[in-house]
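This report refers to the structure that appears directly beneath it.
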Amino acid sequence: MIQIGEILHSDYQRSGMQAQVYADKLGITRANLYSIFRRNSIDTHQLLQFSLRTGTNFFKVFNEFLRNENPALFVEEDSVESKRAPKRSVMIEVEVSEAEYQKLRNKQ
């Protein structure tokens, strides 16, 4: 299973920042930072904030885990596109009054 605390700790180490600077960047205290490093899970809103503040997509780790565990959860965009019906352009002629025509022209 994914140990999010370890993932965050690795990101912290790669950053080369001091703990207080990294904690400030995340918007938490230094003590909370070390507490998070020991966690197995984290609130998704908090993880989203950490991703935005560090520029690291921490959700990508979970996405890759899911893809490996259950590939059926992921439908490739190409296969979705190939299942869509082809689109056609159609021109329709409609009779309208002069006033309606002018309204339509003015909207363009």
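Chain labels follow the order of the structure tokens: the first chain is A, the next B, and so on; residue numbering restarts at 1 in every chain, and ligands are counted from 1 in their shown order.
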Selection: 10 Å around segment 57-74 of chain A, only C-alpha atoms, excl. self and same-chain fewer than 5 positions, as a PyMOL selection string:
chain A and resi 1-2+4+7-8+11+44+47-48+50-52
Could you pull out the helix (DSSP H, G or I) residues of segment 1-107 of chain A, going by DSSP on the backbone, and write them as a compact mmCIF listing (two decimals) with C-alpha atoms, in the first residue's frame?
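Contents of result34.txt, freshly written:
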# COMPACT_ATOMS: atom_id res chain seq x y z
CA ILE A 4 1.88 8.96 1.72
CA GLY A 5 4.10 10.16 4.55
CA GLU A 6 7.09 8.52 2.88
CA ILE A 7 6.15 10.10 -0.46
CA LEU A 8 6.00 13.55 1.13
CA HIS A 9 9.27 12.92 2.97
CA SER A 10 10.97 11.99 -0.32
CA ASP A 11 9.67 15.20 -1.90
CA TYR A 12 10.98 17.16 1.08
CA GLN A 13 14.42 15.56 0.76
CA ARG A 14 14.54 16.25 -3.00
CA SER A 15 13.65 19.88 -2.36
CA ALA A 19 12.29 21.51 7.42
CA GLN A 20 10.88 24.87 8.57
CA VAL A 21 11.04 26.32 5.06
CA TYR A 22 9.30 23.26 3.58
CA ALA A 23 6.66 23.34 6.33
CA ASP A 24 6.05 27.04 5.66
CA LYS A 25 5.63 26.27 1.98
CA LEU A 26 2.99 23.66 2.87
CA ARG A 30 7.37 22.00 11.50
CA ALA A 31 6.02 19.61 14.17
CA ASN A 32 3.01 18.83 11.95
CA LEU A 33 5.37 18.21 9.03
CA TYR A 34 7.21 15.50 10.94
CA SER A 35 3.87 14.04 12.06
CA ILE A 36 2.72 13.84 8.44
CA PHE A 37 5.93 12.05 7.45
CA THR A 44 -7.43 14.57 0.20
CA HIS A 45 -8.04 18.31 0.55
CA GLN A 46 -4.78 18.68 2.45
CA LEU A 47 -2.95 16.60 -0.15
CA LEU A 48 -4.42 18.79 -2.88
CA GLN A 49 -3.14 21.90 -1.07
CA PHE A 50 0.31 20.31 -0.73
CA SER A 51 0.33 19.48 -4.45
CA LEU A 52 -0.59 23.04 -5.37
CA ARG A 53 1.96 24.57 -3.01
CA THR A 54 4.88 22.36 -4.00
CA PHE A 59 -2.15 12.13 -6.57
CA LYS A 60 -0.14 10.71 -9.45
CA VAL A 61 1.27 8.08 -7.09
CA PHE A 62 -2.24 6.86 -6.29
CA ASN A 63 -3.20 6.97 -9.96
CA GLU A 64 -0.23 4.77 -10.90
CA PHE A 65 -1.03 2.38 -8.06
CA LEU A 66 -4.64 2.05 -9.27
CA ARG A 67 -3.52 1.55 -12.86
CA ASN A 68 -1.24 -1.31 -11.79
CA GLU A 69 -3.80 -2.90 -9.46
CA PRO A 71 -6.17 -1.50 -15.33
CA ALA A 72 -9.87 -1.87 -16.14
CA LEU A 73 -10.48 1.37 -14.23
CA GLU A 77 -8.79 8.30 -24.70
CA ASP A 78 -8.12 6.68 -28.09
CA SER A 79 -10.60 3.90 -27.41
CA VAL A 80 -13.24 6.41 -26.30
CA GLU A 81 -12.72 8.46 -29.48
CA SER A 82 -12.99 5.39 -31.68
CA LYS A 83 -16.37 4.49 -30.15
CA GLU A 98 -37.32 39.77 -42.87
CA ALA A 99 -37.47 40.93 -39.23
CA GLU A 100 -36.36 37.51 -37.94
CA TYR A 101 -33.58 37.42 -40.52
CA GLN A 102 -32.31 40.82 -39.37
CA LYS A 103 -32.33 39.66 -35.74
CA LEU A 104 -30.31 36.58 -36.67
CA ARG A 105 -27.81 38.65 -38.65
CA ASN A 106 -27.37 41.11 -35.78
CA LYS A 107 -26.54 38.29 -33.34
Work out how far apart atom CA of Arg39 of chain A and atom CA of Thr56 of chain A are and give it in Å to one decimal.
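Those two atoms sit 18.3 Å apart.
With atom CA of Ser41 of chain A on one side and atom CA of Gln3 of chain A on the other, the separation reads 6.9 Å.
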